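> One file: coords07.txt (compact mmCIF, C-alpha atoms).
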# COMPACT_ATOMS: atom_id res chain seq x y z
CA MET A 132 82.88 -47.60 19.67
CA SER A 133 85.71 -47.39 17.14
CA TRP A 134 83.30 -48.38 14.38
CA LEU A 135 81.46 -45.05 14.71
CA PRO A 136 82.49 -42.31 12.26
CA THR A 137 84.17 -39.26 13.70
CA LEU A 138 82.53 -35.86 13.36
CA LYS A 139 84.35 -32.64 12.55
CA VAL A 140 83.78 -29.12 11.33
CA SER A 141 86.46 -28.36 8.77
CA GLY A 142 85.30 -24.80 8.22
CA ARG A 143 85.47 -25.02 4.46
CA PRO A 144 82.63 -23.33 2.52
CA ARG A 145 79.48 -25.41 2.62
CA PRO A 146 78.33 -26.71 -0.78
CA HIS A 147 75.07 -25.96 -2.55
CA SER A 148 72.68 -28.73 -3.55
CA THR A 149 71.52 -28.95 -7.15
CA VAL A 150 68.05 -28.04 -8.37
CA ALA A 151 67.54 -31.70 -9.33
CA GLU A 152 68.37 -32.84 -5.78
CA ASP A 153 65.94 -30.29 -4.40
CA GLY A 154 63.34 -31.45 -6.91
CA VAL A 155 63.51 -35.05 -5.71
CA MET A 156 63.37 -33.80 -2.14
CA ILE A 157 60.16 -31.80 -2.59
CA ALA A 158 58.58 -34.59 -4.66
CA LEU A 159 59.00 -36.99 -1.72
CA ALA A 160 57.89 -34.34 0.77
CA GLY A 161 54.88 -33.56 -1.44
CA PHE A 162 53.94 -37.25 -1.55
CA THR A 163 54.07 -37.32 2.26
CA LEU A 164 51.92 -34.19 2.44
CA PHE A 165 49.36 -35.77 0.11
CA ALA A 166 49.26 -38.81 2.41
CA LEU A 167 48.68 -36.47 5.37
CA PHE A 168 45.66 -34.96 3.61
CA MET A 169 44.46 -38.48 2.82
CA ASP A 170 44.56 -39.17 6.53
CA GLY A 171 42.56 -35.98 7.06
CA TRP A 172 40.00 -37.24 4.53
CA ARG A 173 39.80 -40.50 6.46
CA HIS A 174 39.24 -38.87 9.85
CA ASN A 175 36.80 -36.28 8.50
CA ASN A 176 34.60 -38.67 6.53
CA LEU A 177 34.76 -42.12 8.16
CA THR A 178 33.52 -43.44 11.47
CA GLY A 179 34.56 -46.41 13.56
CA ILE A 180 38.28 -45.84 13.00
CA ASP A 181 40.07 -48.17 15.38
CA SER A 182 43.37 -49.01 13.71
CA PHE A 183 46.65 -47.16 13.41
CA TRP A 184 47.71 -49.16 10.34
CA SER A 185 45.58 -47.45 7.73
CA ALA A 186 46.61 -46.95 4.10
CA ALA A 187 47.04 -43.22 4.73
CA HIS A 188 49.31 -43.80 7.74
CA ILE A 189 51.38 -46.37 5.85
CA LEU A 190 51.80 -44.00 2.90
CA MET A 191 52.65 -41.08 5.18
CA TYR A 192 55.30 -42.94 7.14
CA SER A 193 56.63 -44.51 3.95
CA GLY A 194 56.99 -41.01 2.51
CA LEU A 195 58.82 -39.82 5.63
CA THR A 196 61.14 -42.82 5.42
CA ALA A 197 61.83 -42.28 1.73
CA THR A 198 62.49 -38.58 2.39
CA GLY A 199 64.96 -39.51 5.14
CA VAL A 200 66.74 -41.97 2.85
CA TRP A 201 67.03 -39.38 0.09
CA ILE A 202 68.41 -36.79 2.50
CA ALA A 203 71.03 -39.34 3.61
CA VAL A 204 71.95 -39.95 -0.04
CA VAL A 205 72.33 -36.21 -0.65
CA LEU A 206 74.39 -35.68 2.49
CA LEU A 207 76.72 -38.57 1.69
CA ARG A 208 77.29 -37.30 -1.84
CA TYR A 209 79.16 -34.35 -0.41
CA GLN A 210 81.22 -36.31 2.14
CA LYS A 211 84.67 -37.67 1.30
CA GLY A 212 83.94 -40.95 3.04
CA LEU A 213 82.09 -42.62 5.90
CA ASP A 214 85.01 -42.72 8.35
CA GLU A 215 85.03 -38.98 8.92
CA LEU A 216 81.86 -36.88 8.57
CA ASP A 217 82.27 -33.16 8.04
CA TRP A 218 79.42 -30.84 9.09
CA SER A 219 80.85 -28.23 6.72
CA ALA A 220 80.08 -30.61 3.84
CA VAL A 221 76.34 -30.58 4.57
CA PRO A 222 74.67 -28.66 1.71
CA ARG A 223 73.19 -25.32 2.66
CA GLY A 224 69.56 -25.65 3.75
CA TYR A 225 69.80 -29.37 4.47
CA GLY A 226 70.80 -28.71 8.06
CA LEU A 227 67.06 -28.49 8.79
CA ALA A 228 66.92 -32.25 8.33
CA VAL A 229 69.21 -32.70 11.34
CA ILE A 230 66.33 -31.38 13.45
CA ALA A 231 63.40 -32.72 11.44
CA LEU A 232 64.39 -36.38 11.02
CA PRO A 233 65.09 -37.15 14.70
CA LEU A 234 61.88 -35.31 15.61
CA ALA A 235 59.90 -37.43 13.14
CA ALA A 236 61.61 -40.60 14.42
CA ILE A 237 60.44 -39.76 17.96
CA ALA A 238 56.96 -38.47 17.05
CA GLY A 239 56.11 -41.47 14.83
CA PRO A 240 56.22 -44.19 17.52
CA ALA A 241 54.81 -41.71 20.04
CA ASP A 242 51.84 -41.21 17.70
CA PHE A 243 51.04 -44.93 17.87
CA ILE A 244 51.33 -44.94 21.66
CA TRP A 245 49.20 -41.82 21.99
CA HIS A 246 46.48 -43.21 19.70
CA SER A 247 46.49 -46.46 21.67
CA ALA A 248 45.98 -44.55 24.91
CA TYR A 249 43.48 -41.91 23.80
CA GLY A 250 41.76 -43.43 20.77
CA PHE A 251 42.00 -43.31 17.01
CA GLU A 252 38.85 -41.29 16.38
CA ASN A 253 38.52 -38.46 18.84
CA GLN A 254 37.00 -35.48 17.06
CA ILE A 255 39.21 -32.49 16.25
CA ASP A 256 41.26 -33.01 19.41
CA SER A 257 43.70 -35.43 17.80
CA ALA A 258 45.24 -32.75 15.56
CA TYR A 259 46.58 -31.08 18.70
CA SER A 260 48.10 -34.15 20.31
CA PRO A 261 51.85 -33.72 21.06
CA PRO A 262 52.94 -36.48 18.62
CA HIS A 263 50.87 -34.96 15.83
CA GLN A 264 52.31 -31.53 16.54
CA GLY A 265 55.79 -33.05 16.42
CA LEU A 266 55.02 -34.66 13.06
CA PHE A 267 53.63 -31.38 11.71
CA VAL A 268 56.74 -29.47 12.74
CA ALA A 269 59.01 -32.17 11.30
CA GLY A 270 57.03 -32.24 8.06
CA ALA A 271 57.13 -28.46 7.71
CA LEU A 272 60.90 -28.42 8.27
CA LEU A 273 61.46 -31.16 5.69
CA ALA A 274 59.21 -29.42 3.16
CA ALA A 275 61.16 -26.20 3.74
CA VAL A 276 64.54 -27.75 2.87
CA PRO A 277 64.43 -26.95 -0.90
CA ALA A 278 63.40 -23.35 -0.16
CA ALA A 279 66.14 -23.00 2.46
CA ALA A 280 68.67 -24.42 0.00
CA ALA A 281 67.59 -22.06 -2.77
CA TRP A 282 67.65 -19.11 -0.35
CA GLN A 283 71.39 -19.62 0.10
CA ARG A 284 72.18 -19.45 -3.60
CA GLN A 285 73.34 -16.26 -5.25
CA SER A 286 70.60 -15.97 -7.84
CA ILE A 287 67.92 -13.31 -7.54
CA THR A 288 66.19 -13.75 -10.87
CA VAL A 289 65.44 -17.39 -11.73
CA SER A 290 63.39 -19.22 -14.33
CA LEU A 291 60.17 -20.96 -13.35
CA ARG A 292 61.81 -24.34 -13.98
CA GLU A 293 64.62 -23.55 -11.54
CA TYR A 294 62.14 -22.11 -9.07
CA LEU A 295 59.67 -25.04 -9.03
CA PRO A 296 61.23 -26.90 -6.05
CA THR A 297 61.20 -23.65 -4.08
CA VAL A 298 57.63 -22.65 -4.84
CA PHE A 299 56.34 -26.17 -4.14
CA ALA A 300 58.32 -26.15 -0.89
CA VAL A 301 56.86 -22.86 0.30
CA SER A 302 53.35 -23.91 -0.76
CA SER A 303 53.75 -27.20 1.10
CA VAL A 304 54.92 -25.46 4.26
CA THR A 305 51.81 -23.24 4.22
CA ALA A 306 49.63 -26.32 3.72
CA VAL A 307 51.17 -28.08 6.72
CA MET A 308 50.75 -24.96 8.85
CA LEU A 309 47.09 -24.60 7.92
CA PHE A 310 46.36 -28.32 8.21
CA VAL A 311 46.63 -28.04 12.00
CA THR A 312 43.49 -25.87 11.96
CA HIS A 313 42.04 -27.17 8.70
CA GLN A 314 38.49 -27.04 10.09
CA LEU A 315 38.86 -23.26 9.84
CA VAL A 316 40.05 -23.19 6.21
CA PRO A 317 37.23 -21.73 4.07
CA PHE A 318 38.03 -24.04 1.15
CA TYR A 319 37.00 -26.91 3.40
CA ALA A 320 34.76 -25.37 6.08
CA GLY A 321 33.41 -22.14 4.61
CA VAL A 322 29.83 -23.37 4.37
CA SER A 323 28.47 -20.54 6.54
CA THR A 324 28.81 -18.30 3.49
CA THR A 325 26.13 -20.25 1.60
CA SER A 326 22.44 -19.43 1.46
CA ASP A 327 21.56 -23.01 2.43
CA PHE A 328 23.54 -22.74 5.67
CA GLN A 329 21.98 -19.40 6.57
CA ASN A 330 18.51 -20.79 5.91
CA ASP A 331 19.30 -23.79 8.11
CA ILE A 332 20.41 -21.84 11.16
CA ALA A 333 17.44 -19.46 10.78
CA ARG A 334 15.23 -22.35 11.93
CA PHE A 335 16.96 -22.43 15.32
CA ASN A 336 16.32 -20.26 18.34
CA ASP A 337 19.25 -17.87 17.97
CA ALA A 338 20.06 -15.92 21.14
CA PHE A 339 21.11 -12.93 19.02
CA ALA A 340 19.39 -13.39 15.67
CA PRO A 341 20.93 -11.51 12.73
CA GLY A 342 19.11 -9.32 10.23
CA SER A 343 18.58 -5.64 9.54
CA LYS A 344 15.11 -5.66 11.12
CA ALA A 345 15.88 -7.92 14.05
CA HIS A 346 14.81 -6.71 17.47
CA HIS A 347 17.16 -8.25 19.99
CA ALA A 348 15.68 -9.15 23.35
CA GLU A 349 19.09 -9.02 25.03
CA GLY A 350 22.62 -7.85 24.33
CA LEU A 351 25.22 -10.01 22.63
CA ALA A 352 27.28 -10.34 25.82
CA SER A 353 24.31 -12.02 27.50
CA ALA A 354 23.55 -14.13 24.43
CA LEU A 355 27.07 -15.59 24.47
CA THR A 356 26.47 -17.11 27.90
CA HIS A 357 23.66 -19.38 26.61
CA TYR A 358 25.84 -22.48 26.48
CA GLY A 359 23.22 -24.90 27.76
CA ASP A 360 20.02 -22.95 27.20
CA ASN A 361 17.53 -23.44 24.43
CA ALA A 362 18.75 -20.27 22.71
CA PHE A 363 22.28 -20.22 21.33
CA PRO A 364 24.21 -17.60 19.25
CA TYR A 365 24.49 -19.73 16.11
CA TYR A 366 25.06 -16.85 13.72
CA PHE A 367 27.75 -15.30 15.91
CA TYR A 368 29.90 -18.42 16.12
CA SER A 369 29.43 -19.63 12.53
CA THR A 370 30.19 -16.21 11.08
CA HIS A 371 33.29 -15.61 13.15
CA HIS A 372 34.44 -19.17 12.44
CA THR A 373 34.53 -18.42 8.72
CA VAL A 374 35.88 -14.87 9.02
CA GLY A 375 38.63 -16.13 11.33
CA GLY A 376 39.50 -18.82 8.78
CA ILE A 377 39.65 -16.26 5.97
CA LEU A 378 42.00 -13.98 7.91
CA LEU A 379 44.19 -16.89 9.05
CA PHE A 380 44.45 -18.24 5.49
CA THR A 381 45.27 -14.74 4.24
CA THR A 382 48.04 -14.30 6.82
CA VAL A 383 49.75 -17.58 5.98
CA LEU A 384 49.40 -17.48 2.19
CA ILE A 385 50.04 -13.80 1.49
CA GLY A 386 52.79 -13.74 4.11
CA ALA A 387 54.51 -16.58 2.25
CA VAL A 388 54.18 -14.75 -1.08
CA LEU A 389 55.76 -11.62 0.39
CA VAL A 390 58.62 -13.55 1.97
CA MET A 391 59.37 -15.13 -1.41
CA ARG A 392 59.26 -11.72 -3.08
CA ARG A 393 61.59 -10.36 -0.42
CA ARG A 394 64.22 -12.83 -1.58
CA TRP A 395 63.56 -13.31 -5.30
CA ARG A 396 62.07 -11.79 -8.37
CA LEU A 397 59.10 -14.10 -8.75
CA PRO A 398 59.11 -15.77 -12.19
CA PHE A 399 55.83 -15.64 -14.08
CA GLY A 400 53.73 -18.68 -13.17
CA ALA A 401 55.13 -19.05 -9.65
CA LEU A 402 51.94 -17.88 -7.92
CA THR A 403 49.77 -20.04 -10.15
CA VAL A 404 51.79 -23.09 -9.12
CA MET A 405 51.83 -22.02 -5.48
CA PHE A 406 48.04 -21.55 -5.32
CA THR A 407 47.17 -24.61 -7.42
CA TRP A 408 48.89 -27.11 -5.11
CA PRO A 409 46.66 -26.32 -2.09
CA ALA A 410 43.67 -26.03 -4.43
CA LEU A 411 44.17 -29.74 -5.14
CA LEU A 412 44.72 -30.65 -1.48
CA TRP A 413 41.95 -28.90 0.43
CA PRO A 414 38.96 -30.40 -1.42
CA LEU A 415 40.38 -33.85 -0.59
CA LEU A 416 39.25 -33.34 3.02
CA SER A 417 35.60 -33.21 1.91
CA LYS A 418 35.92 -36.06 -0.62
CA TYR A 419 36.09 -33.33 -3.26
CA GLU A 420 32.52 -32.25 -2.51
CA GLU A 421 33.85 -28.68 -2.17
CA TRP A 422 35.88 -28.80 -5.38
CA LYS A 423 33.82 -25.96 -6.82
CA LEU A 424 35.63 -23.54 -4.52
CA ALA A 425 39.08 -24.58 -5.75
CA PRO A 426 38.95 -22.44 -8.96
CA ALA A 427 39.07 -19.35 -6.74
CA LEU A 428 42.55 -20.29 -5.55
CA ILE A 429 43.83 -21.22 -9.00
CA LEU A 430 42.47 -18.09 -10.67
CA ALA A 431 43.82 -15.91 -7.85
CA GLY A 432 47.27 -17.33 -8.58
CA VAL A 433 46.90 -16.51 -12.27
CA VAL A 434 45.73 -12.97 -11.50
CA GLY A 435 48.58 -12.60 -9.01
CA ASP A 436 51.13 -13.55 -11.67
CA LEU A 437 49.61 -11.02 -14.06
CA LEU A 438 49.65 -8.28 -11.42
CA PHE A 439 53.27 -8.91 -10.47
CA ALA A 440 54.30 -9.05 -14.13
CA ARG A 441 52.59 -5.71 -14.76
CA PHE A 442 53.47 -3.74 -11.63
CA ASP A 443 56.68 -5.43 -10.44
CA PRO A 444 58.79 -5.71 -13.60
CA VAL A 445 62.47 -6.58 -13.71
CA GLY A 446 64.48 -3.71 -12.29
CA PRO A 447 64.10 -1.41 -9.29
CA THR A 448 60.57 -1.44 -7.84
CA LYS A 449 59.03 1.15 -5.54
CA VAL A 450 57.95 -0.41 -2.25
CA GLY A 451 54.54 1.22 -2.64
CA ARG A 452 53.83 -1.10 -5.54
CA ILE A 453 54.60 -4.15 -3.43
CA ARG A 454 52.25 -2.86 -0.73
CA ALA A 455 49.52 -2.29 -3.30
CA LEU A 456 49.96 -5.84 -4.63
CA ALA A 457 49.88 -7.24 -1.09
CA ALA A 458 46.57 -5.46 -0.50
CA ALA A 459 45.08 -6.39 -3.87
CA LEU A 460 45.85 -10.13 -3.83
CA PRO A 461 43.61 -11.03 -0.83
CA ILE A 462 40.77 -8.99 -2.32
CA VAL A 463 41.12 -10.90 -5.58
CA LEU A 464 41.28 -14.27 -3.79
CA TRP A 465 38.24 -13.80 -1.56
CA GLY A 466 36.30 -11.94 -4.23
CA LEU A 467 36.68 -15.03 -6.44
CA PHE A 468 35.81 -17.24 -3.45
CA PHE A 469 32.52 -15.41 -2.84
CA LEU A 470 31.81 -15.54 -6.58
CA CYS A 471 32.28 -19.32 -6.59
CA VAL A 472 29.95 -19.64 -3.60
CA ALA A 473 27.34 -17.53 -5.37
CA LEU A 474 27.59 -19.43 -8.66
CA PHE A 475 28.27 -23.03 -7.61
CA GLU A 476 27.09 -23.43 -4.00
CA GLY A 477 23.47 -22.34 -4.30
CA GLY A 478 23.98 -18.64 -3.64
CA LEU A 479 25.89 -16.37 -1.30
CA GLY A 480 24.19 -16.20 2.09
CA TRP A 481 26.20 -13.28 3.47
CA HIS A 482 24.85 -9.76 3.04
CA ALA A 483 26.98 -7.07 1.40
CA THR A 484 27.82 -5.51 4.78
CA LEU A 485 29.69 -8.69 5.70
CA TRP A 486 31.28 -9.93 2.49
CA VAL A 487 32.36 -6.48 1.28
CA GLY A 488 33.68 -5.74 4.75
CA VAL A 489 35.69 -8.97 4.74
CA LEU A 490 37.22 -8.02 1.40
CA VAL A 491 38.28 -4.65 2.81
CA THR A 492 39.65 -6.24 5.98
CA SER A 493 41.61 -8.89 4.06
CA GLY A 494 43.11 -6.18 1.85
CA GLY A 495 44.13 -4.22 4.93
CA LEU A 496 45.67 -7.36 6.40
CA GLY A 497 47.69 -7.90 3.21
CA TYR A 498 48.95 -4.32 3.44
CA ALA A 499 49.88 -4.82 7.10
CA LEU A 500 51.82 -7.98 6.22
CA SER A 501 53.80 -5.99 3.64
CA LEU A 502 54.84 -3.61 6.43
CA ALA A 503 56.23 -6.54 8.40
CA VAL A 504 58.10 -8.15 5.48
CA PHE A 505 59.14 -4.86 3.86
CA PRO A 506 59.69 -2.48 6.81
CA PRO A 507 58.85 1.16 6.05
CA PHE A 508 61.72 3.01 4.42
CA SER A 509 62.35 5.46 1.62
CA GLY A 510 63.84 3.88 -1.44
CA LEU A 511 63.53 1.00 -3.82
CA VAL A 512 62.86 -2.65 -3.05
CA VAL A 513 66.13 -4.59 -2.86
CA GLU A 514 66.04 -8.37 -2.70
CA GLN A 515 67.73 -10.15 0.20
CA VAL A 516 70.71 -12.25 -0.82
CA PRO A 517 73.20 -14.47 1.05
CA PRO A 518 76.27 -12.73 2.50
CA GLU A 519 79.60 -12.63 0.70
CA THR A 520 78.13 -12.78 -2.79
CA PRO A 521 78.43 -10.14 -5.51
CA ALA A 522 74.75 -9.34 -5.13
CA ALA A 523 75.15 -8.98 -1.36
CA VAL A 524 78.06 -6.61 -1.82
CA ALA A 525 75.93 -4.48 -4.13
CA HIS A 526 73.18 -4.58 -1.53
CA SER A 527 75.50 -3.40 1.25
CA GLU A 528 76.69 -0.54 -0.94
CA GLY A 529 73.13 0.63 -1.46
CA VAL A 530 72.82 -0.44 -5.07
CA ALA A 531 69.34 -1.56 -6.15
CA VAL A 532 69.51 -5.07 -7.61
Produce C-alpha cells that represent the structure in this file.


Amino acid sequence: MSWLPTLKVSGRPRPHSTVAEDGVMIALAGFTLFALFMDGWRHNNLTGIDSFWSAAHILMYSGLTATGVWIAVVLLRYQKGLDELDWSAVPRGYGLAVIALPLAAIAGPADFIWHSAYGFENQIDSAYSPPHQGLFVAGALLAAVPAAAAWQRQSITVSLREYLPTVFAVSSVTAVMLFVTHQLVPFYAGVSTTSDFQNDIARFNDAFAPGSKAHHAEGLASALTHYGDNAFPYYFYSTHHTVGGILLFTTVLIGAVLVMRRRWRLPFGALTVMFTWPALLWPLLSKYEEWKLAPALILAGVVGDLLFARFDPVGPTKVGRIRALAAALPIVLWGLFFLCVALFEGGLGWHATLWVGVLVTSGGLGYALSLAVFPPFSGLVVEQVPPETPAAVAHSEGVAV
C-alpha cells in the first residue's frame, strides 16, 4: 500500500478558493441541475419509460462526473504534491465535496439497481426512493459549495459579479430541495387556482361542495372518509394541495433570501438572478406549457431588489425593516402569481376569501421566518462574518458593520 498518498492535518490556515473557481463549480452544478429537471420533464410527460440510459440520465451523471473532476482539480491546486495530502489545504467550503462525492458515487449505481427492481416509471413514488434521496442530498451539497466558500471570506459588501456564484448556488440548492416535492410547486402544479379547474371539479359529486350558498349534507370530517364512495372531497384536497405548495415554496425561497441577507449586503440584482433561475427551470416540467406563470417569479425578484435597495441601504439597518421586507416579498410574489393566473390562464378560479387570505398568510410566514433568521433583539442588523477577521472583531465588540 506504499503507493497510496499519506494524509495529514498540518493545521495551517485553510486557503480560500477564487471567485472564478467557484464560478466554474456552479456552472457544472447548474448543468447537472438542468439535467435533473430534464429527467423530471421526461417522467412527467412521457409514458412507457423502460430504460435507465436516457439522455437526461446520461447528462445528469456526466454533469456529476465533470463536477467531481473539477473539484479534484481545485483541491489539487492547493496541495504541494500527490505524495502527501493535507486536509488543511482544502479550500474553505469545499469540504462539503468530501461528503457529497462519495454519496453520489454510491447513490448512482444504487439508482440503477433500484430502478431495475421497482421499475422506471412508477408514478410520484420514485422521487422518494433511497437512491434518489441520496442523489438529491449529494446534489444539494455540491451546489452549496460556492456559497459555503463565499461564506468563509471576509467580505460583507460585494459586487453582483463577485456574488453571482453564490446567488446561483443558493438558488440551485432551493431548486433541488423543492424538486423532491415538485408536484406541489405552484409554478408547475398550481392549476387549482384557475377557473377552468374549478369548473371541471364542479361537475363531480363533491362530498363537501364549496360555495357561499352551499348547503352541506354532512360535516367535513365525514366527507373526508369517502375514499371509495361516489362522493369525494375534490375541492378540499385540490385547494390544500396548492395552498400547501405556496407555503412550502415561500418557506424555502424566502428563508434562503433571509439567510443570504444575514451574511451579506445583497448587491442590487441578486434577487432578480436568484428568482429567474428557478423561473426557467420549473416550466420545463410541463414542457413549458406553464411558462406564463414564470414572469411572476422574475418580476418578484426585480421588485425585491428595488425594495431592498430602498429600505435596506448600505449602513446600519433596523431589524424591523428586514422583517417588513420578509413579510412584503411573499405578498408580492403570490400577488403577481395570482395576477398571471387571472391574465394568462383563463381567469382566477379562487374567490377573494381564499386568495387574499393566502396573501396574508404568506406574508405572516415571511415575518415568522425573519424571527428565526434574525432572532428578536434590540439594535441594528449586523451581518455574520467568519471568526478572526477584522469584521468579526468589530462584530464581537458590538460595532454595527

> Would you pick out the contacts of Arg393 (chain A) at 9 Å or less, using only C-alpha atoms, so that residues sharing its chain but fewer than 2 positions from it are not included, and give the list as a PyMOL selection string?

chain A and resi 388-391+395-396+504-505+512-515

> Could those residues be written to a file, using C-alpha atoms, as an mmCIF file, keeping the file's coordinate frame?


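Now in out.cif:
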data_model
loop_
_atom_site.group_PDB
_atom_site.id
_atom_site.type_symbol
_atom_site.label_atom_id
_atom_site.label_comp_id
_atom_site.auth_asym_id
_atom_site.auth_seq_id
_atom_site.Cartn_x
_atom_site.Cartn_y
_atom_site.Cartn_z
ATOM 1 C CA VAL A 388 54.180 -14.750 -1.080
ATOM 2 C CA LEU A 389 55.760 -11.620 0.390
ATOM 3 C CA VAL A 390 58.620 -13.550 1.970
ATOM 4 C CA MET A 391 59.370 -15.130 -1.410
ATOM 5 C CA TRP A 395 63.560 -13.310 -5.300
ATOM 6 C CA ARG A 396 62.070 -11.790 -8.370
ATOM 7 C CA VAL A 504 58.100 -8.150 5.480
ATOM 8 C CA PHE A 505 59.140 -4.860 3.860
ATOM 9 C CA VAL A 512 62.860 -2.650 -3.050
ATOM 10 C CA VAL A 513 66.130 -4.590 -2.860
ATOM 11 C CA GLU A 514 66.040 -8.370 -2.700
ATOM 12 C CA GLN A 515 67.730 -10.150 0.200
#

> Skip region 487-498 of chain A itself and residues of its chain fewer than 2 positions away, then list as a PyMOL selection string all residues within 10 Å of it, counting all atoms listed in the file.

chain A and resi 374+377-382+384-386+389+451+453-466+469+481-485+500-503

> Here is a test: counting all atoms listed in the file, which residue of A:Val155, A:Leu227, A:Leu266, A:Leu428 is nearest to Leu195 (chain A)?

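The answer is A:Leu266, which sits nearest to Leu195 (chain A).
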
> I'd like the contact shell of Ser260 (chain A) - 12 Å cut-off, all atoms listed in the file, skipping same-chain residues fewer than 3 positions apart - returned as a list of chain:residue names.

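Listing them by chain and then by number gives A:Ala238, A:Ala241, A:Asp242, A:Phe243, A:Ile244, A:Trp245, A:His246, A:Ala248, A:Tyr249, A:Gly250, A:Phe251, A:Asn253, A:Gln254, A:Ile255, A:Asp256, A:Ser257, A:His263, A:Gln264, A:Gly265, A:Leu266, A:Phe267, A:Val311.
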
> Keeping only C-alpha atoms, write the selected residues to a file as a PDB file, in the frame of the given file.


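After the write, selection_24.pdb holds the following:
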ATOM      1  CA  ALA A 238      56.960 -38.470  17.050  1.00  0.00           C
ATOM      2  CA  ALA A 241      54.810 -41.710  20.040  1.00  0.00           C
ATOM      3  CA  ASP A 242      51.840 -41.210  17.700  1.00  0.00           C
ATOM      4  CA  PHE A 243      51.040 -44.930  17.870  1.00  0.00           C
ATOM      5  CA  ILE A 244      51.330 -44.940  21.660  1.00  0.00           C
ATOM      6  CA  TRP A 245      49.200 -41.820  21.990  1.00  0.00           C
ATOM      7  CA  HIS A 246      46.480 -43.210  19.700  1.00  0.00           C
ATOM      8  CA  ALA A 248      45.980 -44.550  24.910  1.00  0.00           C
ATOM      9  CA  TYR A 249      43.480 -41.910  23.800  1.00  0.00           C
ATOM     10  CA  GLY A 250      41.760 -43.430  20.770  1.00  0.00           C
ATOM     11  CA  PHE A 251      42.000 -43.310  17.010  1.00  0.00           C
ATOM     12  CA  ASN A 253      38.520 -38.460  18.840  1.00  0.00           C
ATOM     13  CA  GLN A 254      37.000 -35.480  17.060  1.00  0.00           C
ATOM     14  CA  ILE A 255      39.210 -32.490  16.250  1.00  0.00           C
ATOM     15  CA  ASP A 256      41.260 -33.010  19.410  1.00  0.00           C
ATOM     16  CA  SER A 257      43.700 -35.430  17.800  1.00  0.00           C
ATOM     17  CA  HIS A 263      50.870 -34.960  15.830  1.00  0.00           C
ATOM     18  CA  GLN A 264      52.310 -31.530  16.540  1.00  0.00           C
ATOM     19  CA  GLY A 265      55.790 -33.050  16.420  1.00  0.00           C
ATOM     20  CA  LEU A 266      55.020 -34.660  13.060  1.00  0.00           C
ATOM     21  CA  PHE A 267      53.630 -31.380  11.710  1.00  0.00           C
ATOM     22  CA  VAL A 311      46.630 -28.040  12.000  1.00  0.00           C
TER      23      VAL A 311
END

> Which region 399-418 of chain A residues have any atom within 9 Å of an atom of region 294-305 of chain A, and for each, what is the nearest pair of atoms with distance in Å to one decimal, counting all atoms listed in the file, rows sorted by chain and number, as JSON lines?


{"residue": "A:Ala401", "atom": "CA", "partner": "A:Val298", "partner_atom": "CA", "distance": 6.5}
{"residue": "A:Leu402", "atom": "CA", "partner": "A:Val298", "partner_atom": "CA", "distance": 8.0}
{"residue": "A:Val404", "atom": "CA", "partner": "A:Val298", "partner_atom": "CA", "distance": 7.3}
{"residue": "A:Met405", "atom": "CA", "partner": "A:Ser302", "partner_atom": "CA", "distance": 5.3}
{"residue": "A:Phe406", "atom": "CA", "partner": "A:Ser302", "partner_atom": "CA", "distance": 7.4}
{"residue": "A:Trp408", "atom": "CA", "partner": "A:Ser302", "partner_atom": "CA", "distance": 7.0}
{"residue": "A:Pro409", "atom": "CA", "partner": "A:Ser302", "partner_atom": "CA", "distance": 7.2}

> Nearest residue to Tyr366 (chain A) out of A:Val276, A:Leu216, A:Ala338, A:Ala197, using all atoms listed in the file?

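Ranking A:Val276, A:Leu216, A:Ala338, A:Ala197 by distance to Tyr366 (chain A), first place goes to A:Ala338.
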
> Enter the distance from CA of Lys139 (chain A) to CA of Ala274 (chain A), in Å, rounded to one decimal.

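That distance, rounded to one decimal, is 27.0 Å.
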